[in-house]
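Undergrad: protein-v3.tsv is the file, holding TSV, C-alpha atoms:
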```tsv
chain	number	residue	atom	x	y	z
A	164	MET	CA	65.41	278.03	-21.54
A	165	LYS	CA	68.33	275.85	-20.40
A	166	LYS	CA	67.33	276.50	-16.79
A	167	TYR	CA	63.83	275.04	-17.35
A	168	TYR	CA	65.31	272.07	-19.16
A	169	ILE	CA	67.57	271.28	-16.18
A	170	ILE	CA	64.70	271.70	-13.69
A	171	TYR	CA	62.50	269.42	-15.82
A	172	LEU	CA	65.29	266.82	-16.01
A	173	VAL	CA	65.82	266.90	-12.22
A	174	LEU	CA	62.07	266.55	-11.53
A	175	ALA	CA	61.70	263.72	-14.03
A	176	SER	CA	64.67	261.90	-12.46
A	177	ALA	CA	63.18	262.31	-8.98
A	178	VAL	CA	59.84	260.92	-10.12
A	179	LEU	CA	61.55	257.91	-11.72
A	180	ILE	CA	63.64	257.22	-8.62
A	181	PHE	CA	60.62	257.33	-6.30
A	182	ALA	CA	58.48	255.30	-8.70
A	183	CYS	CA	61.10	252.56	-8.96
A	184	THR	CA	61.85	252.35	-5.25
A	185	LYS	CA	60.56	249.04	-3.94
A	186	LYS	CA	58.21	249.43	-0.99
A	187	ASP	CA	58.06	246.85	1.76
A	188	GLU	CA	54.37	245.95	1.74
A	189	THR	CA	54.82	242.93	3.99
A	190	THR	CA	52.10	242.85	6.62
A	191	GLU	CA	52.49	241.89	10.26
A	192	ARG	CA	50.38	238.76	9.72
A	193	PHE	CA	52.66	237.71	6.86
A	194	LYS	CA	55.76	238.29	8.98
A	195	THR	CA	54.26	236.39	11.92
A	196	LEU	CA	53.33	233.38	9.79
A	197	THR	CA	56.58	233.21	7.83
A	198	GLY	CA	58.91	234.20	10.64
A	199	LYS	CA	59.10	230.81	12.33
A	200	VAL	CA	58.58	227.09	12.00
A	201	TRP	CA	55.28	225.97	13.50
A	202	THR	CA	54.47	222.59	14.99
A	203	SER	CA	51.01	221.07	15.14
A	204	ASP	CA	49.43	221.28	18.57
A	205	SER	CA	46.03	219.73	17.89
A	206	LEU	CA	44.41	218.20	14.83
A	207	LEU	CA	40.66	217.80	15.30
A	208	VAL	CA	37.89	216.50	13.07
A	209	ASP	CA	34.39	217.03	14.44
A	210	GLY	CA	35.98	217.73	17.83
A	211	GLN	CA	37.90	214.43	17.97
A	212	ASP	CA	41.67	213.95	17.71
A	213	ALA	CA	42.50	213.00	14.11
A	214	GLY	CA	46.28	213.48	14.13
A	215	GLY	CA	47.30	210.05	15.41
A	216	PRO	CA	48.02	206.89	13.42
A	217	GLY	CA	45.17	206.21	11.01
A	218	GLY	CA	43.58	209.60	11.67
A	219	LEU	CA	42.28	211.76	8.84
A	220	LEU	CA	44.88	214.47	9.63
A	221	GLU	CA	47.77	212.11	10.43
A	222	LYS	CA	49.90	213.49	7.58
A	223	MET	CA	49.39	217.08	8.79
A	224	ALA	CA	51.01	216.24	12.14
A	225	GLY	CA	54.46	217.64	12.77
A	226	ASP	CA	56.17	220.80	11.64
A	227	ALA	CA	54.94	223.37	9.16
A	228	GLU	CA	56.89	226.15	7.51
A	229	PHE	CA	55.21	228.89	5.52
A	230	ARG	CA	58.04	230.45	3.50
A	231	PRO	CA	57.86	234.05	2.28
A	232	ASP	CA	57.94	232.92	-1.37
A	233	GLY	CA	54.63	231.08	-0.94
A	234	THR	CA	56.10	227.58	-0.72
A	235	GLY	CA	56.36	225.39	2.32
A	236	TYR	CA	55.73	222.11	4.03
A	237	PHE	CA	52.82	221.17	6.23
A	238	GLY	CA	53.49	217.96	8.11
A	239	GLN	CA	54.23	215.43	5.36
A	240	TYR	CA	52.81	217.63	2.59
A	241	ILE	CA	54.92	219.91	0.39
A	242	GLY	CA	53.24	222.64	-1.59
A	243	THR	CA	52.26	226.27	-1.76
A	244	TRP	CA	50.20	228.63	0.35
A	245	TYR	CA	48.65	232.07	0.07
A	246	PHE	CA	46.42	234.41	2.04
A	247	GLU	CA	42.91	235.27	0.84
A	248	ASN	CA	40.14	237.70	1.85
A	249	ASN	CA	42.32	240.36	3.45
A	250	GLU	CA	44.48	237.73	5.19
A	251	THR	CA	41.52	236.22	7.05
A	252	GLU	CA	41.88	232.93	5.18
A	253	ILE	CA	44.77	230.78	4.04
A	254	THR	CA	44.83	228.29	1.18
A	255	ILE	CA	47.25	225.37	1.13
A	256	ASN	CA	47.86	223.48	-2.12
A	257	SER	CA	49.75	220.23	-2.53
A	258	ASP	CA	49.87	217.58	-5.22
A	259	SER	CA	49.21	215.13	-2.37
A	260	LEU	CA	45.88	216.74	-1.40
A	261	ALA	CA	42.72	215.93	-3.34
A	262	LEU	CA	41.56	219.57	-3.05
A	263	PRO	CA	43.15	222.87	-2.02
A	264	LEU	CA	42.61	223.38	1.70
A	265	THR	CA	41.12	226.85	2.23
A	266	SER	CA	40.79	227.64	5.93
A	267	LYS	CA	39.56	230.51	8.06
A	268	ILE	CA	42.28	231.97	10.29
A	269	ILE	CA	40.89	232.00	13.82
A	270	GLU	CA	44.08	233.23	15.48
A	271	LEU	CA	47.53	234.25	14.29
A	272	ASN	CA	50.00	235.74	16.72
A	273	GLU	CA	53.52	235.01	17.98
A	274	GLN	CA	52.30	232.15	20.21
A	275	SER	CA	49.47	230.57	18.22
A	276	PHE	CA	48.18	229.85	14.73
A	277	LYS	CA	44.67	228.35	14.53
A	278	ILE	CA	42.66	227.53	11.44
A	279	THR	CA	39.27	225.93	10.77
A	280	THR	CA	37.69	224.56	7.63
A	281	THR	CA	35.18	222.04	6.39
A	282	PHE	CA	36.03	219.11	4.18
A	283	PRO	CA	33.72	216.75	2.29
A	284	SER	CA	33.25	213.39	3.98
A	285	ALA	CA	32.69	210.05	2.31
A	286	THR	CA	28.97	210.57	2.97
A	287	PRO	CA	27.48	212.81	0.25
A	288	GLY	CA	26.26	216.14	1.56
A	289	VAL	CA	28.07	215.79	4.90
A	290	ASN	CA	31.09	217.96	5.70
A	291	LEU	CA	33.70	217.37	8.37
A	292	ALA	CA	34.60	220.25	10.71
A	293	ILE	CA	38.39	220.52	10.86
A	294	ARG	CA	40.38	222.57	13.36
A	295	ILE	CA	44.17	222.67	13.31
A	296	THR	CA	46.25	224.57	15.86
A	297	PHE	CA	49.96	225.26	15.69
A	298	ARG	CA	52.47	226.68	18.13
A	299	PRO	CA	55.97	227.95	17.43
A	300	LYS	CA	58.63	225.28	17.42
```
Take the structure in the file and give it back as structure tokens.

TA:
Amino acid sequence: MKKYYIIYLVLASAVLIFACTKKDETTERFKTLTGKVWTSDSLLVDGQDAGGPGGLLEKMAGDAEFRPDGTGYFGQYIGTWYFENNETEITINSDSLALPLTSKIIELNEQSFKITTTFPSATPGVNLAIRITFRPK
């Protein structure tokens, strides 16, 4: 009887050890995005440059860092970010933005990060087509 008790104790301990072992579930896309500081390459609204002085995306110009803890900075904005829809979209939140910016990820690799989204314009019912591209700094 003692022999079965020891076997049961060893098996239960093994199950607990394996159940409590933390698995690294970090994806390649996550590592690519968080592994470097990015710098804006182009900031377009309806196909026109909008990253210069007075442009709609002026405050998004510059460096962006997507930290592994879900925080970061995006040009002059500080906030949070997270992936959505199986890492095909990214949402950026900031107290300085009127709305969360949810964007489709067009490309994410070691050399390029490109996103697109639409944003409401001042004209009711009209959306602006936004495309932002980043390259590693």

Undergrad: Using only C-alpha atoms, which protein or nucleic acid residues come within 8 Å of Ile295 in chain A? Drop anything in the same chain fewer than 3 positions from it, and give the result as number ranges by chain.

TA: A: 203-207, 277-279

Undergrad: Which residue, A:Thr197, A:Thr280, A:Leu260, A:Gly217, has the smallest gap to Thr234 in chain A when you use only C-alpha atoms?

TA: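 Looking only at the distances to Thr234 in chain A, the closest residue turns out to be A:Thr197.
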
Undergrad: How far is it from CA of Ala292 in chain A to CA of Gln211 in chain A, in Å with one decimal?

TA: 9.9 Å

Undergrad: What is the distance between CA of Leu271 in chain A and CA of Phe297 in chain A, in Å to one decimal?

TA: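 Distance reported for this atom pair: 9.4 Å.
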
Undergrad: Rounded to one decimal, what separation in Å do you get between CA of Gly242 in chain A and CA of Lys267 in chain A?

TA: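 Answer for the CA of Gly242 in chain A to CA of Lys267 in chain A separation: 18.5 Å.
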
Undergrad: My list of candidates is A:Arg192, A:Lys300, A:Lys199, A:Lys222. Which is closest to Glu270 in chain A when distances are computed with all atoms listed in the file?

TA: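 Of the candidates, the smallest distance to Glu270 in chain A is held by A:Arg192.
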
Undergrad: Measuring between all atoms listed in the file, which one of A:Pro283, A:Glu273, A:Tyr236, A:Ala261 shows the shortest distance to Lys194 in chain A?

TA: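 Checking each of A:Pro283, A:Glu273, A:Tyr236, A:Ala261 against Lys194 in chain A, counting all atoms listed in the file, the winner is A:Glu273.
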
Undergrad: Within 9 Å of (43.0, 216.7, 8.0) (file coordinates; all atoms listed in the file), which protein or nucleic acid residues are there? I'd like them as a PyMOL selection string.

TA: chain A and resi 206-208+213-214+218-223+282+293-295

Undergrad: Could the residues in this selection be saved with C-alpha atoms as a PDB file, keeping the file's coordinate frame?

TA:
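Once everything was written out, this is selection.pdb:
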```pdb
ATOM      1  CA  LEU A 206      44.410 218.200  14.830  1.00  0.00           C
ATOM      2  CA  LEU A 207      40.660 217.800  15.300  1.00  0.00           C
ATOM      3  CA  VAL A 208      37.890 216.500  13.070  1.00  0.00           C
ATOM      4  CA  ALA A 213      42.500 213.000  14.110  1.00  0.00           C
ATOM      5  CA  GLY A 214      46.280 213.480  14.130  1.00  0.00           C
ATOM      6  CA  GLY A 218      43.580 209.600  11.670  1.00  0.00           C
ATOM      7  CA  LEU A 219      42.280 211.760   8.840  1.00  0.00           C
ATOM      8  CA  LEU A 220      44.880 214.470   9.630  1.00  0.00           C
ATOM      9  CA  GLU A 221      47.770 212.110  10.430  1.00  0.00           C
ATOM     10  CA  LYS A 222      49.900 213.490   7.580  1.00  0.00           C
ATOM     11  CA  MET A 223      49.390 217.080   8.790  1.00  0.00           C
ATOM     12  CA  PHE A 282      36.030 219.110   4.180  1.00  0.00           C
ATOM     13  CA  ILE A 293      38.390 220.520  10.860  1.00  0.00           C
ATOM     14  CA  ARG A 294      40.380 222.570  13.360  1.00  0.00           C
ATOM     15  CA  ILE A 295      44.170 222.670  13.310  1.00  0.00           C
TER      16      ILE A 295
END
```

Undergrad: Need the shell around Asn256 in chain A: protein/DNA/RNA residues with any atom at most 8 Å away, counting only C-alpha atoms. Skip same-chain ones fewer than 5 positions apart. Format as a list in words?

TA: Gly242, Thr243, Trp244, Leu262, Pro263 and Leu264 of chain A

Undergrad: Between A:Ser275, A:Thr190, A:Thr254, A:Ala227, single out the one closest to Thr202 in chain A, counting all atoms listed in the file.

TA: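 Smallest separation from Thr202 in chain A among the options: A:Ala227.
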
Undergrad: If you take every atom of range 285-293 of chain A that the file lists and fit an axis-aligned box around them with 6 Å extra on each side, what centre and edge lengths come out in Å to one decimal, as lines of an AutoDock Vina configuration file?

TA:
```
center_x = 32.3
center_y = 215.3
center_z = 5.6
size_x = 24.1
size_y = 22.5
size_z = 22.6
```

Undergrad: Once you count only C-alpha atoms, which residues end up no further than 6 Å from (55.6, 234.1, 6.6) in the file's frame, shown as JSON, numbers by chain?

TA: {"A": [193, 194, 195, 196, 197, 198, 229, 230, 231]}
